[in-house]
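For reference, the structure discussed in these notes is given below.
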Amino acid sequence: MCGIVGYIGRKQAYPILIKGLKRLEYRGYDSAGVALINSNNDLNVYKTKGKVSDLEEFAGQKDTSGTIGIAHTRWATHGEPCQANAHPHYSSSENLALIHNGIIENYAILKERLTQKGYTFRSTTDSEVLVQLIEYFKDNNKLDLLTAVQLALREVIGAYAIAILDKNNPDEIIAARKSSPLVIGIGDNEYFLASDATPIVEYTNKVIYLEDEEIAVIKRNEKLKVVNLNNVLMNPEIKKVEMNIGQLEKGGYPHFMLKEIFEQPDCIKDCMRGRINVEADNVVLSAVIDYKEKLLKARRFIIVACGTSWHAALIGKHLIESFCRIPVEVEYASEFRYRDPVIYPDDVVIAISQSGETADTLAAVELAKKKGAFIYGICNAIGSSIPRATDTGSYIHVGPEIGVASTKAFTGQVTVLAMLALTLAKEKKSLSLKTFLEIVKELNQIPQKMKKVLDMNTRIAELAKIFTYAHNFIYLGRGYSYPVALEGALKLKEISYIHAEGYPAAEMKHGPIALIDAEMPVVVIATHNGMYEKILSNIQEIKARKGRVIAIVTEGDKVISKIADDYIELPATIECLDPLITTIPLQLLAYHIAVCKGKDVDQPRNLAKSVTVE
């Protein structure tokens, strides 16, 4: 979950590295550091606790010259956030400096072996063990750096993306990966290195994605060389990255999160472009066309995901079962991978991940593949690990999501799941043509209706001021709205640090109702659908116990809007598409409560965007 950046070429490396770290800060921001080799072949390492801005201040008066360097922004795993535990890590001789994303699971055994050989350690991280191990192989056996890295990585159990400098070889960066992403950008007599393409696209659109157990030898003025741990020469494919630099900037918004909430109407249009025709009477997903027989003959679907993607998966279950009459199970990827699930060769496993690098979801994919299942990926990040590991899939095409709390990726995932369910249903003839056309036409109208919801931003901001006092929230929904309640509660937890729980509304009386009093705000998703009378009863139960109700209702509501203490009116839509509309006011409510409380909404404490470790 840390961010890695590297550069070698003719330009000064430090400004490129700092800008790259800022682009990757969503991956971790509790400490940061940089290593540079200057013209005198001095290897200078500067690092500090805090954000990249703290690193800039710390390094401001120091020698940051050099045309080769590596940099790192950290999300702590082993060792608390502090200067000593920040990356890069020196080797004992200070001839080597290493940055690392991942976890070395057998670091304690390796550390003990190295300690017995006289090595001392400055930090409590697993990462420092790796640089000391590399130096041990290099010096003890008089090896070049590449061979030493290969030998060291054969000893390692765990996940890694690393980059390493050697002051005695100032024209080379060695980089390697296993289960953690690493991208190399190829420029004009220069190379860039990063955890994803966002720091690279400003300079080049040509990239190589390293595969597991591949090592890149990046030398100044030489062709890129990629080998594996056994020194077999690889032939990586150069890919073209399409990314708008403007998507990586705030564009006048105070936070990326607010910008990304407001981008959703256009993002959903992009997600549907080329998939729903101009007449809005047909949906086509190329993955379904290419693998129609495999998908239609599925015994069941198993969806694996984590966090916000898991909430989207719950909606996907409802959509696929309702439209296609195929049974669907939804699993936390982190639980799925550590048990012995029953998987049949005619099962289809759908893996959902915004980053495409989620470690638990990737491991669940590998487990399902070994058991013979067909794998369908739903991701945002093009070229990431999960799309490369799956048999087929669909990108959500919502553009880079920089805010740590997911917003547009959630609605993009739900949109793709809706299109997948519609496409399969048409092929199976499990939906009447009339119902199919109604849903497709309404899905095409969702972006315009999202814009109407966003017009309520000022009203929701005013409403948010009332609830900054709260220490707890309950979110309730039924049917398609239950996962939205879970997602609304998660957003509030993530960025405001207010404890919040989402529940199916009918389950409230089985425990949570004990928490209801005048100090407990309860957000109820109460749009006018088939469950309206049921949700009305749940609201009356809350009001009977003096709970404060914030109701999400449909425009023109005459009943719940009068009972609720506060309400937000939304445009009417078909019940199965409600989540695409109802989730937006919950995102805005969480955002404005967090802003009122003075929280850092883009970089909430203890979190990182791309969870590449267990």
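Naming works like this for the structure tokens: A, B, ... for the chains as they're shown, residue 1 at the start of each chain, ligands 1 onward in shown order.
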Hey, could you make a per-residue contact list for range 313-356 of chain A against range 384-398 of chain A with 10 Å as the cut-off, showing the nearest pair of atoms and its distance in Å to one decimal, counting only C-alpha atoms, sorted by chain and number, as JSON lines?
```
{"residue": "A:Val349", "atom": "CA", "partner": "A:Thr390", "partner_atom": "CA", "distance": 9.4}
{"residue": "A:Ile350", "atom": "CA", "partner": "A:Gly393", "partner_atom": "CA", "distance": 8.4}
{"residue": "A:Ala351", "atom": "CA", "partner": "A:Ile386", "partner_atom": "CA", "distance": 7.9}
{"residue": "A:Ile352", "atom": "CA", "partner": "A:Ile386", "partner_atom": "CA", "distance": 8.8}
{"residue": "A:Ser353", "atom": "CA", "partner": "A:Ile386", "partner_atom": "CA", "distance": 7.9}
{"residue": "A:Gln354", "atom": "CA", "partner": "A:Ile396", "partner_atom": "CA", "distance": 8.6}
{"residue": "A:Ser355", "atom": "CA", "partner": "A:Ser384", "partner_atom": "CA", "distance": 7.2}
{"residue": "A:Gly356", "atom": "CA", "partner": "A:Ile386", "partner_atom": "CA", "distance": 4.9}
```
- Polymer residues at most 12 Å from Ala86 in chain A, only C-alpha atoms, same-chain spacing of 2 or more positions, as a count of residues only: 47
- Mind checking which residues fall within 8 Å of Leu314 in chain A, counting only C-alpha atoms, ignoring those fewer than 3 positions away in the same chain, and posting them as a ChimeraX atom specification? /A:310-311,317-318,330,483
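In this model, the gap between CA of Phe374 in chain A and CA of Leu210 in chain A comes to 24.1 Å.
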- Item | Nearby residues (only C-alpha atoms) at most 6 Å from range 216-223 of chain A, same-chain spacing under 2 positions excluded, as a ChimeraX atom specification | /A:171-175,189,225-226
- Nearest-residue call for Leu319 in chain A, choices A:Cys576, A:Ala526, A:Leu490, A:Leu536, using only C-alpha atoms: A:Cys576
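When only C-alpha atoms are used to compute distances to Lys408 in chain A, the closest of the residues A:Glu329, A:Asp578, A:Glu293, A:Glu260 turns out to be A:Glu260.
Nearest residue to Leu36 in chain A among A:Glu541, A:Asp166, A:Glu507, A:Asp139 is A:Asp166, counting only C-alpha atoms.
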